>>> print(open('structure_14.csv').read())   # CSV, C-alpha atoms
chain,number,residue,atom,x,y,z
K,1,MET,CA,15.7,-61.8,-110.1
K,2,ASN,CA,18.6,-62.0,-107.6
K,3,ASP,CA,20.4,-65.0,-109.1
K,4,LEU,CA,20.3,-67.3,-112.0
K,5,SER,CA,18.6,-70.2,-110.1
K,6,MET,CA,15.5,-67.9,-109.9
K,7,HIS,CA,15.6,-67.4,-113.7
K,8,ILE,CA,15.8,-71.2,-113.9
K,9,ILE,CA,12.6,-71.6,-111.9
K,10,ASP,CA,10.9,-69.1,-114.1
K,11,ILE,CA,12.0,-70.6,-117.4
K,12,VAL,CA,11.2,-74.2,-116.3
K,13,GLN,CA,7.8,-73.0,-115.2
K,14,ASN,CA,7.2,-72.0,-118.9
K,15,SER,CA,8.1,-75.6,-119.9
K,16,LEU,CA,5.6,-77.0,-117.4
K,17,SER,CA,2.9,-74.6,-118.6
K,18,ALA,CA,3.6,-75.8,-122.1
K,19,GLY,CA,2.7,-79.3,-121.0
K,20,ALA,CA,6.2,-80.8,-120.9
K,21,SER,CA,6.4,-84.3,-119.4
K,22,ARG,CA,10.2,-84.2,-119.3
K,23,VAL,CA,12.4,-81.2,-118.7
K,24,CYS,CA,16.2,-81.3,-119.2
K,25,LEU,CA,18.1,-78.6,-117.4
K,26,THR,CA,21.8,-78.2,-118.0
K,27,VAL,CA,24.1,-75.8,-116.1
K,28,ASP,CA,27.6,-75.6,-117.6
K,29,GLU,CA,30.2,-73.6,-115.8
K,30,ASP,CA,33.3,-73.2,-117.9
K,31,PRO,CA,35.7,-70.7,-116.3
K,32,GLY,CA,38.4,-71.6,-118.9
K,33,ALA,CA,36.2,-70.4,-121.8
K,34,ASP,CA,34.8,-67.6,-119.5
K,35,ARG,CA,31.3,-68.9,-120.2
K,36,LEU,CA,28.3,-70.0,-118.1
K,37,THR,CA,25.6,-71.7,-120.1
K,38,ILE,CA,22.1,-72.7,-118.9
K,39,VAL,CA,19.9,-74.8,-121.2
K,40,VAL,CA,16.3,-75.7,-120.5
K,41,ALA,CA,14.9,-78.2,-123.1
K,42,ASP,CA,11.4,-79.6,-122.9
K,43,ASP,CA,9.0,-81.8,-124.8
K,44,GLY,CA,6.1,-79.4,-124.4
K,45,LYS,CA,3.8,-78.1,-127.1
K,46,GLY,CA,6.4,-75.8,-128.7
K,47,MET,CA,6.0,-72.5,-130.4
K,48,THR,CA,5.7,-71.2,-134.0
K,49,ALA,CA,8.6,-69.1,-135.4
K,50,GLU,CA,6.3,-66.0,-135.0
K,51,GLN,CA,5.8,-66.7,-131.3
K,52,VAL,CA,9.6,-67.3,-130.8
K,53,HIS,CA,10.3,-64.0,-132.5
K,54,ARG,CA,7.9,-62.1,-130.2
K,55,LEU,CA,9.3,-63.6,-127.0
K,56,ALA,CA,11.7,-60.8,-126.5
K,57,ASP,CA,8.8,-58.4,-126.3
K,58,PRO,CA,7.6,-58.0,-122.7
K,59,PHE,CA,4.1,-57.3,-123.9
K,60,PHE,CA,3.8,-60.6,-125.5
K,61,THR,CA,2.4,-63.5,-123.5
K,62,SER,CA,0.3,-66.6,-124.2
K,63,ARG,CA,-1.4,-66.1,-120.9
K,64,THR,CA,-4.8,-64.6,-120.5
K,65,THR,CA,-4.7,-63.5,-116.9
K,66,ARG,CA,-2.6,-60.4,-117.7
K,67,ARG,CA,-1.0,-58.8,-120.7
K,68,VAL,CA,2.7,-58.7,-119.9
K,69,GLY,CA,5.3,-61.5,-119.8
K,70,MET,CA,8.6,-60.6,-118.3
K,71,GLY,CA,10.3,-64.0,-117.9
K,72,ILE,CA,12.3,-64.2,-121.1
K,73,PRO,CA,13.0,-60.4,-121.4
K,74,LEU,CA,14.5,-60.4,-117.9
K,75,LEU,CA,16.6,-63.5,-118.7
K,76,MET,CA,17.8,-61.7,-121.8
K,77,GLN,CA,18.7,-58.6,-119.8
K,78,SER,CA,20.8,-60.7,-117.3
K,79,ALA,CA,22.5,-62.5,-120.2
K,80,ARG,CA,23.3,-59.5,-122.3
K,81,GLN,CA,24.5,-57.3,-119.5
K,82,SER,CA,27.2,-59.9,-118.8
K,83,GLY,CA,28.3,-60.2,-122.4
K,84,GLY,CA,26.1,-63.2,-123.3
K,85,ASP,CA,22.8,-63.8,-125.0
K,86,VAL,CA,19.7,-66.0,-125.1
K,87,ARG,CA,18.8,-68.3,-128.0
K,88,ILE,CA,15.5,-70.1,-128.4
K,89,SER,CA,14.7,-72.9,-130.8
K,90,SER,CA,11.2,-74.3,-130.9
K,91,GLU,CA,9.0,-76.4,-133.0
K,92,PRO,CA,5.2,-76.8,-132.6
K,93,GLY,CA,4.4,-80.3,-131.2
K,94,LYS,CA,8.1,-81.1,-130.5
K,95,GLY,CA,9.2,-78.8,-127.7
K,96,THR,CA,11.4,-75.8,-126.9
K,97,GLU,CA,15.0,-75.3,-126.0
K,98,VAL,CA,16.1,-72.1,-124.3
K,99,THR,CA,19.9,-71.5,-124.1
K,100,ALA,CA,21.2,-68.6,-122.0
K,101,GLU,CA,24.9,-67.7,-122.1
K,102,PHE,CA,26.6,-65.5,-119.6
K,103,GLY,CA,30.1,-64.1,-119.4
K,104,TYR,CA,31.5,-66.2,-116.5
K,105,SER,CA,33.8,-63.6,-114.9
K,106,ASP,CA,31.8,-60.6,-115.9
K,107,ILE,CA,31.0,-58.3,-112.9
K,108,ASP,CA,27.4,-58.0,-114.1
K,109,ARG,CA,26.7,-61.7,-114.2
K,110,PRO,CA,24.3,-62.6,-111.4
K,111,PRO,CA,25.6,-65.3,-109.1
K,112,LEU,CA,24.4,-68.9,-109.9
K,113,GLY,CA,22.4,-69.2,-106.7
K,114,ASP,CA,21.1,-72.5,-105.2
K,115,VAL,CA,20.3,-74.6,-108.3
K,116,ALA,CA,19.8,-77.8,-106.4
K,117,ASN,CA,17.1,-76.1,-104.3
K,118,ALA,CA,15.4,-74.6,-107.3
K,119,LEU,CA,15.4,-77.9,-109.1
K,120,MET,CA,14.0,-79.9,-106.1
K,121,LEU,CA,11.2,-77.2,-105.5
K,122,MET,CA,10.1,-77.9,-109.1
K,123,VAL,CA,10.4,-81.6,-108.7
K,124,SER,CA,8.4,-81.7,-105.5
K,125,ALA,CA,5.7,-79.4,-106.9
K,126,ASN,CA,5.4,-81.5,-110.1
K,127,PRO,CA,6.0,-85.2,-109.0
K,128,ASP,CA,4.2,-86.4,-112.2
K,129,ARG,CA,6.8,-84.9,-114.5
K,130,ASP,CA,10.4,-86.0,-115.1
K,131,PHE,CA,13.5,-83.8,-114.8
K,132,LEU,CA,17.0,-84.4,-115.9
K,133,PHE,CA,19.6,-82.1,-114.4
K,134,THR,CA,23.1,-82.1,-115.8
K,135,TYR,CA,25.8,-80.0,-114.0
K,136,ARG,CA,29.1,-79.4,-115.6
K,137,TYR,CA,32.2,-77.6,-114.3
K,138,ALA,CA,35.3,-77.2,-116.4
K,139,GLY,CA,34.3,-80.4,-118.4
K,140,ARG,CA,33.5,-82.6,-115.4
K,141,GLU,CA,29.9,-83.7,-115.2
K,142,TYR,CA,27.2,-84.8,-112.7
K,143,ALA,CA,23.7,-86.0,-113.9
K,144,PHE,CA,20.6,-86.4,-111.8
K,145,ASP,CA,17.5,-87.9,-113.3
K,146,THR,CA,14.1,-88.3,-111.6
K,147,ALA,CA,13.5,-91.3,-113.8
K,148,ASP,CA,16.3,-93.0,-111.7
K,149,VAL,CA,14.6,-92.0,-108.5
K,150,ARG,CA,11.3,-93.6,-109.7
K,151,GLU,CA,13.2,-96.8,-110.6
K,152,VAL,CA,14.8,-97.1,-107.2
K,153,PHE,CA,12.0,-95.7,-104.9
K,154,GLY,CA,8.9,-96.4,-106.9
K,155,ASN,CA,6.5,-94.0,-108.7
K,156,GLY,CA,4.9,-92.0,-105.9
K,157,ALA,CA,8.2,-91.4,-104.0
K,158,LEU,CA,8.7,-87.9,-105.4
K,159,GLU,CA,5.7,-86.7,-103.4
K,160,ASP,CA,7.6,-87.4,-100.2
K,161,LEU,CA,9.2,-84.3,-98.9
K,162,THR,CA,11.8,-86.1,-96.7
K,163,LEU,CA,13.1,-87.8,-99.8
K,164,ILE,CA,13.0,-84.5,-101.7
K,165,ARG,CA,15.2,-82.8,-99.0
K,166,ASN,CA,17.6,-85.7,-99.0
K,167,LEU,CA,17.9,-85.6,-102.8
K,168,GLU,CA,18.5,-81.9,-102.7
K,169,LYS,CA,21.4,-82.5,-100.3
K,170,MET,CA,22.8,-85.3,-102.5
K,171,ILE,CA,22.7,-83.1,-105.5
K,172,LYS,CA,24.4,-80.2,-103.6
K,173,ASP,CA,27.1,-82.5,-102.4
K,174,ASN,CA,27.7,-83.9,-105.9
K,175,MET,CA,27.9,-80.4,-107.4
K,176,CYS,CA,30.5,-79.6,-104.8
K,177,VAL,CA,32.5,-82.7,-105.8
K,178,VAL,CA,32.3,-81.8,-109.5
K,179,ARG,CA,33.3,-78.2,-108.7
K,180,ASP,CA,36.2,-78.9,-106.3
K,181,SER,CA,37.8,-82.1,-107.7
Q,182,MET,CA,30.1,-89.3,-113.2
Q,183,SER,CA,28.1,-92.1,-114.7
Q,184,LYS,CA,24.5,-93.0,-114.2
Q,185,ILE,CA,25.3,-96.2,-112.3
Q,186,LYS,CA,26.9,-94.2,-109.5
Q,187,SER,CA,23.8,-92.1,-109.0
Q,188,LEU,CA,21.6,-95.3,-108.9
Q,189,ASP,CA,23.9,-96.8,-106.3
Q,190,GLU,CA,23.7,-93.6,-104.3
Q,191,LEU,CA,19.9,-93.7,-104.5
Q,192,ARG,CA,19.8,-97.3,-103.3
Q,193,GLN,CA,21.9,-96.4,-100.3
Q,194,MET,CA,19.6,-93.5,-99.6
Q,195,LYS,CA,16.6,-95.8,-99.8
Q,196,ALA,CA,17.9,-98.1,-97.2
Q,197,ARG,CA,18.6,-95.2,-94.9
Q,198,LEU,CA,15.3,-93.4,-95.4
Q,199,GLU,CA,12.7,-96.2,-95.6
Q,200,SER,CA,11.5,-95.8,-92.1
Q,201,GLU,CA,11.2,-92.0,-92.3
Q,202,MET,CA,9.1,-91.8,-95.5
Q,203,ASP,CA,5.3,-91.7,-95.5
Q,204,ILE,CA,4.5,-92.2,-99.1
Q,205,ARG,CA,1.8,-94.7,-98.6
Q,206,GLU,CA,-0.1,-92.7,-96.1
Q,207,LYS,CA,-0.3,-89.7,-98.4
Q,208,SER,CA,-1.2,-91.4,-101.6
Q,209,ASN,CA,-3.9,-93.5,-99.9
Q,210,ASN,CA,-5.8,-90.5,-98.6
Q,211,PRO,CA,-5.6,-87.8,-101.3
Q,212,GLU,CA,-9.1,-86.5,-100.5
Q,213,LYS,CA,-8.0,-85.6,-96.9
Q,214,LEU,CA,-5.1,-83.5,-97.9
Q,215,VAL,CA,-4.9,-79.8,-97.9
Q,216,GLN,CA,-3.4,-78.4,-101.1
Q,217,ILE,CA,-1.2,-75.3,-100.9
Q,218,ARG,CA,-0.2,-73.8,-104.3
Q,219,VAL,CA,2.5,-71.3,-104.3
Q,220,ALA,CA,2.4,-68.9,-107.3
Q,221,MET,CA,5.8,-69.2,-108.9
Q,222,ALA,CA,5.7,-67.0,-112.1
Q,223,THR,CA,8.1,-64.2,-112.7
Q,224,CYS,CA,6.3,-61.8,-110.4
Q,225,GLY,CA,6.0,-64.4,-107.6
Q,226,ILE,CA,9.7,-65.5,-107.8
Q,227,ALA,CA,10.9,-61.9,-107.9
Q,228,ALA,CA,8.8,-61.1,-104.8
Q,229,GLY,CA,10.2,-64.0,-102.7
Q,230,ALA,CA,7.9,-66.9,-103.4
Q,231,ARG,CA,10.8,-69.3,-103.3
Q,232,ALA,CA,11.6,-68.6,-99.6
Q,233,VAL,CA,8.0,-68.9,-98.8
Q,234,MET,CA,7.7,-72.3,-100.6
Q,235,ASN,CA,10.9,-73.5,-98.8
Q,236,SER,CA,9.6,-72.6,-95.4
Q,237,ILE,CA,6.2,-74.3,-96.1
Q,238,ILE,CA,7.9,-77.4,-97.3
Q,239,ASP,CA,10.3,-77.5,-94.3
Q,240,ARG,CA,7.3,-77.2,-91.9
Q,241,VAL,CA,5.2,-79.9,-93.7
Q,242,GLU,CA,8.2,-82.2,-93.9
Q,243,ARG,CA,9.2,-81.7,-90.3
Q,244,GLU,CA,5.7,-82.2,-88.8
Q,245,LYS,CA,4.5,-84.6,-91.4
Q,246,LEU,CA,1.4,-82.4,-92.0
Q,247,PRO,CA,-1.4,-83.7,-94.3
Q,248,VAL,CA,-0.5,-81.2,-96.9
Q,249,ILE,CA,0.5,-81.2,-100.6
Q,250,VAL,CA,2.7,-78.3,-101.7
Q,251,THR,CA,2.5,-77.5,-105.4
Q,252,GLN,CA,3.4,-74.5,-107.6
Q,253,GLY,CA,1.2,-72.5,-109.9
Q,254,GLY,CA,1.6,-69.7,-112.4
Q,255,CYS,CA,0.6,-66.1,-112.3
Q,256,MET,CA,-3.1,-65.5,-111.4
Q,257,GLY,CA,-2.9,-61.8,-112.2
Q,258,TYR,CA,-2.3,-60.7,-108.6
Q,259,CYS,CA,1.3,-59.5,-109.2
Q,260,TYR,CA,0.8,-56.6,-106.9
Q,261,ALA,CA,0.1,-58.9,-104.0
Q,262,GLU,CA,2.9,-61.5,-104.6
Q,263,PRO,CA,4.0,-63.8,-103.1
Q,264,THR,CA,0.5,-65.3,-103.1
Q,265,ILE,CA,-0.5,-68.8,-102.0
Q,266,GLU,CA,-3.7,-70.6,-102.7
Q,267,VAL,CA,-5.0,-73.0,-100.0
Q,268,ARG,CA,-7.6,-75.6,-100.8
Q,269,ARG,CA,-9.0,-77.4,-97.8
Q,270,PRO,CA,-10.7,-80.7,-98.7
Q,271,GLY,CA,-14.2,-80.1,-99.9
Q,272,GLU,CA,-13.9,-76.3,-99.7
Q,273,ASP,CA,-13.4,-73.5,-102.2
Q,274,PRO,CA,-9.8,-72.4,-102.5
Q,275,VAL,CA,-8.7,-69.3,-100.6
Q,276,VAL,CA,-5.9,-67.0,-101.9
Q,277,PHE,CA,-3.6,-65.1,-99.5
Q,278,GLY,CA,-1.5,-62.2,-100.6
Q,279,HIS,CA,1.7,-60.6,-99.4
Q,280,VAL,CA,2.8,-63.8,-97.8
Q,281,ASP,CA,6.3,-64.0,-96.2
Q,282,LYS,CA,7.7,-66.8,-94.0
Q,283,ASP,CA,5.9,-65.6,-90.9
Q,284,LYS,CA,2.6,-65.2,-92.6
Q,285,ALA,CA,2.9,-68.6,-94.2
Q,286,MET,CA,3.4,-70.1,-90.7
Q,287,GLU,CA,0.4,-68.2,-89.4
Q,288,ILE,CA,-1.7,-69.5,-92.3
Q,289,ILE,CA,-0.6,-73.1,-91.6
Q,290,ASP,CA,-1.3,-72.7,-87.9
Q,291,LYS,CA,-4.7,-71.2,-88.3
Q,292,TYR,CA,-6.3,-71.8,-91.7
Q,293,VAL,CA,-4.6,-75.0,-93.0
Q,294,LEU,CA,-4.8,-76.9,-89.7
Q,295,HIS,CA,-8.0,-75.4,-88.2
Q,296,GLY,CA,-10.0,-73.7,-91.0
Q,297,GLU,CA,-9.7,-70.4,-89.2
Q,298,LEU,CA,-9.3,-67.5,-91.6
Q,299,VAL,CA,-6.5,-64.9,-91.2
Q,300,ASP,CA,-5.9,-61.4,-92.6
Q,301,GLY,CA,-4.6,-61.2,-96.2
Q,302,VAL,CA,-7.3,-63.0,-98.1
Q,303,LEU,CA,-7.5,-61.7,-101.7
Q,304,PRO,CA,-11.0,-61.3,-103.1
Q,305,VAL,CA,-11.0,-63.9,-105.9
Q,306,ASN,CA,-13.9,-65.0,-107.9
Q,307,TYR,CA,-13.1,-68.4,-109.4
Q,308,GLN,CA,-16.3,-68.6,-111.5
Q,309,THR,CA,-15.6,-67.2,-115.0
Q,310,ILE,CA,-18.4,-66.2,-117.3
Q,311,GLN,CA,-17.8,-69.3,-119.4
Q,312,GLU,CA,-18.3,-71.6,-116.3
Q,313,LYS,CA,-21.6,-69.8,-115.4
Q,314,ILE,CA,-23.0,-70.5,-118.9
>>> encode(input="structure_14.csv", output="structure tokens")
Amino acid sequence: MNDLSMHIIDIVQNSLSAGASRVCLTVDEDPGADRLTIVVADDGKGMTAEQVHRLADPFFTSRTTRRVGMGIPLLMQSARQSGGDVRISSEPGKGTEVTAEFGYSDIDRPPLGDVANALMLMVSANPDRDFLFTYRYAGREYAFDTADVREVFGNGALEDLTLIRNLEKMIKDNMCVVRDS
Amino acid sequence: MSKIKSLDELRQMKARLESEMDIREKSNNPEKLVQIRVAMATCGIAAGARAVMNSIIDRVEREKLPVIVTQGGCMGYCYAEPTIEVRRPGEDPVVFGHVDKDKAMEIIDKYVLHGELVDGVLPVNYQTIQEKI
């Protein structure tokens, strides 16, 4: 995984596989506290305490196509090598929340990467699900909600790639505003 | 930044984009669309599936091709990632392995648009034992 936005695609893919209808992604850059935090929360089918416990084991997976699952272990490696960690809370039938913390200025923290692109790839591939993306930088905040897009453009609009590319640019611009203001 | 602002921004965007969007055409003819599914599990992402998906989306968007681009999980072909599955209307899906941007464009030019197979097809049997019974 070259950057954190790739981990985000990977972890959100887990939420989608768990049948989530709404995924909330939060990226919080806090240089003052020297922390970068990524949270993926979903309303999917959730996991038992036993399943959560075994997530750190790369040879545990709920999939049947192969016997290894590297997504969470790789995320843990990235987080821990930069002085952070991964926390997972989950409840069967309710959903799952994955929180990954990274040392912001740590030399071993992978760069954030293109989060807006990662998000919109997932939105365009799953136009029937909802995504809430919250971006914070030093306490300032920007939120993007696909429910708002449905309200303004109508229900099928997220299938339109011209709109997807324009939304991606809008999110990128707003992230820059939050970062630079 | 409040929610209101984002709604305003979206409304402005709607006014600007309305003529360019082709929502109705696509949702009216779902049976005529080619479905391209990019495998986006850990293995796929690490191998470069994201760049492939971006280049396919750019092409479909630019040329308004009758294609839906979705993403899938790992199908067990980690050795051949990035993989894409192409389902032409009324036909069995075909999975291509070791796809990069150039290969993706070749697959669109030949297989997606004209049904002409190109190198790189993975031997995939979609019928499981359960389905046969």
>>> residues_around(input="structure_14.csv", residues="Q:Thr223", least_positions_apart="3", cutoff="7 Å", atoms="all atoms listed in the file", output="ChimeraX atom specification")
/K:10,70-71 /Q:226-227
>>> write_last_selection(input="structure_14.csv", atoms="C-alpha atoms", output="mmCIF file, in the coordinates of the input")
data_model
loop_
_atom_site.group_PDB
_atom_site.id
_atom_site.type_symbol
_atom_site.label_atom_id
_atom_site.label_comp_id
_atom_site.auth_asym_id
_atom_site.auth_seq_id
_atom_site.Cartn_x
_atom_site.Cartn_y
_atom_site.Cartn_z
ATOM 1 C CA ASP K 10 10.900 -69.100 -114.100
ATOM 2 C CA MET K 70 8.600 -60.600 -118.300
ATOM 3 C CA GLY K 71 10.300 -64.000 -117.900
ATOM 4 C CA ILE Q 226 9.700 -65.500 -107.800
ATOM 5 C CA ALA Q 227 10.900 -61.900 -107.900
#
>>> residues_around(input="structure_14.csv", residues="Q:Gly254", least_positions_apart="3", cutoff="10 Å", atoms="all atoms listed in the file", output="CSV table (one decimal) with C-alpha atoms, keeping the file's coordinate frame")
chain,number,residue,atom,x,y,z
K,10,ASP,CA,10.9,-69.1,-114.1
K,13,GLN,CA,7.8,-73.0,-115.2
K,14,ASN,CA,7.2,-72.0,-118.9
K,16,LEU,CA,5.6,-77.0,-117.4
K,17,SER,CA,2.9,-74.6,-118.6
K,63,ARG,CA,-1.4,-66.1,-120.9
K,65,THR,CA,-4.7,-63.5,-116.9
Q,218,ARG,CA,-0.2,-73.8,-104.3
Q,219,VAL,CA,2.5,-71.3,-104.3
Q,220,ALA,CA,2.4,-68.9,-107.3
Q,221,MET,CA,5.8,-69.2,-108.9
Q,222,ALA,CA,5.7,-67.0,-112.1
Q,223,THR,CA,8.1,-64.2,-112.7
Q,224,CYS,CA,6.3,-61.8,-110.4
Q,225,GLY,CA,6.0,-64.4,-107.6
Q,257,GLY,CA,-2.9,-61.8,-112.2
>>> interface_residues(input="structure_14.csv", of="chain Q", to="chain K", cutoff="7 Å", atoms="all atoms listed in the file", output="list of chain:residue names")
Q:Met182, Q:Leu188, Q:Leu191, Q:Arg192, Q:Lys195, Q:Met202, Q:Asp203, Q:Ile204, Q:Ala222, Q:Thr223, Q:Ile226, Q:Ala227, Q:Glu242, Q:Val250, Q:Thr251, Q:Gln252, Q:Met256, Q:Gly257
>>> atom_distance(input="structure_14.csv", atom1="atom CA of Q:Val233", atom2="atom CA of Q:Ile265")
9.1 Å
>>> residues_around(input="structure_14.csv", residues="K:Leu4", least_positions_apart="2", cutoff="7 Å", atoms="only C-alpha atoms", output="MDAnalysis selection string")
chainID K and resid 6:8 110:113
>>> atom_distance(input="structure_14.csv", atom1="atom CA of Q:Gln216", atom2="atom CA of Q:Ile289")
11.2 Å
>>> closest_residue(input="structure_14.csv", among="K:Gly44, K:Glu168, K:Ala100, K:Asp57", to="K:Asp114", atoms="only C-alpha atoms")
K:Glu168
>>> residues_around(input="structure_14.csv", residues="Q:Glu244", least_positions_apart="3", cutoff="12 Å", atoms="all atoms listed in the file", output="list in words")
Leu161 and Thr162 of chain K; Glu201, Asp203, Ile237, Ile238, Asp239, Arg240, Val241, Pro247, Val248, Ile289, Asp290 and Leu294 of chain Q
>>> build_atoms(input="structure_14.csv", residues="stretch 150-161 of chain K", atoms="N, CA, C and O atoms", output="PDB file, in the coordinates of the input")
ATOM      1  N   ARG K 150      12.516 -92.746-109.596  1.00  0.00           N
ATOM      2  CA  ARG K 150      11.300 -93.600-109.700  1.00  0.00           C
ATOM      3  C   ARG K 150      11.710 -95.078-109.775  1.00  0.00           C
ATOM      4  O   ARG K 150      11.044 -95.923-109.184  1.00  0.00           O
ATOM      5  N   GLU K 151      12.809 -95.376-110.491  1.00  0.00           N
ATOM      6  CA  GLU K 151      13.200 -96.800-110.600  1.00  0.00           C
ATOM      7  C   GLU K 151      13.596 -97.354-109.261  1.00  0.00           C
ATOM      8  O   GLU K 151      13.230 -98.474-108.935  1.00  0.00           O
ATOM      9  N   VAL K 152      14.306 -96.575-108.437  1.00  0.00           N
ATOM     10  CA  VAL K 152      14.800 -97.100-107.200  1.00  0.00           C
ATOM     11  C   VAL K 152      13.691 -97.021-106.074  1.00  0.00           C
ATOM     12  O   VAL K 152      13.486 -97.976-105.325  1.00  0.00           O
ATOM     13  N   PHE K 153      12.970 -95.906-106.010  1.00  0.00           N
ATOM     14  CA  PHE K 153      12.000 -95.700-104.900  1.00  0.00           C
ATOM     15  C   PHE K 153      10.585 -96.006-105.239  1.00  0.00           C
ATOM     16  O   PHE K 153       9.739 -96.036-104.364  1.00  0.00           O
ATOM     17  N   GLY K 154      10.263 -96.170-106.521  1.00  0.00           N
ATOM     18  CA  GLY K 154       8.900 -96.400-106.900  1.00  0.00           C
ATOM     19  C   GLY K 154       8.259 -95.059-107.370  1.00  0.00           C
ATOM     20  O   GLY K 154       8.820 -93.991-107.159  1.00  0.00           O
ATOM     21  N   ASN K 155       7.068 -95.161-107.971  1.00  0.00           N
ATOM     22  CA  ASN K 155       6.500 -94.000-108.700  1.00  0.00           C
ATOM     23  C   ASN K 155       6.068 -92.846-107.831  1.00  0.00           C
ATOM     24  O   ASN K 155       6.289 -91.700-108.169  1.00  0.00           O
ATOM     25  N   GLY K 156       5.443 -93.137-106.687  1.00  0.00           N
ATOM     26  CA  GLY K 156       4.900 -92.000-105.900  1.00  0.00           C
ATOM     27  C   GLY K 156       5.921 -91.366-104.978  1.00  0.00           C
ATOM     28  O   GLY K 156       5.603 -90.424-104.260  1.00  0.00           O
ATOM     29  N   ALA K 157       7.167 -91.836-105.035  1.00  0.00           N
ATOM     30  CA  ALA K 157       8.200 -91.400-104.000  1.00  0.00           C
ATOM     31  C   ALA K 157       8.479 -89.912-104.107  1.00  0.00           C
ATOM     32  O   ALA K 157       8.807 -89.299-103.097  1.00  0.00           O
ATOM     33  N   LEU K 158       8.355 -89.328-105.307  1.00  0.00           N
ATOM     34  CA  LEU K 158       8.700 -87.900-105.400  1.00  0.00           C
ATOM     35  C   LEU K 158       7.764 -86.981-104.709  1.00  0.00           C
ATOM     36  O   LEU K 158       8.010 -85.795-104.601  1.00  0.00           O
ATOM     37  N   GLU K 159       6.643 -87.543-104.228  1.00  0.00           N
ATOM     38  CA  GLU K 159       5.700 -86.700-103.400  1.00  0.00           C
ATOM     39  C   GLU K 159       6.193 -86.624-101.991  1.00  0.00           C
ATOM     40  O   GLU K 159       5.657 -85.833-101.219  1.00  0.00           O
ATOM     41  N   ASP K 160       7.182 -87.427-101.615  1.00  0.00           N
ATOM     42  CA  ASP K 160       7.600 -87.400-100.200  1.00  0.00           C
ATOM     43  C   ASP K 160       8.670 -86.367 -99.976  1.00  0.00           C
ATOM     44  O   ASP K 160       9.739 -86.353-100.586  1.00  0.00           O
ATOM     45  N   LEU K 161       8.355 -85.456 -99.048  1.00  0.00           N
ATOM     46  CA  LEU K 161       9.200 -84.300 -98.900  1.00  0.00           C
ATOM     47  C   LEU K 161      10.540 -84.659 -98.148  1.00  0.00           C
ATOM     48  O   LEU K 161      11.559 -83.998 -98.351  1.00  0.00           O
TER      49      LEU K 161
END
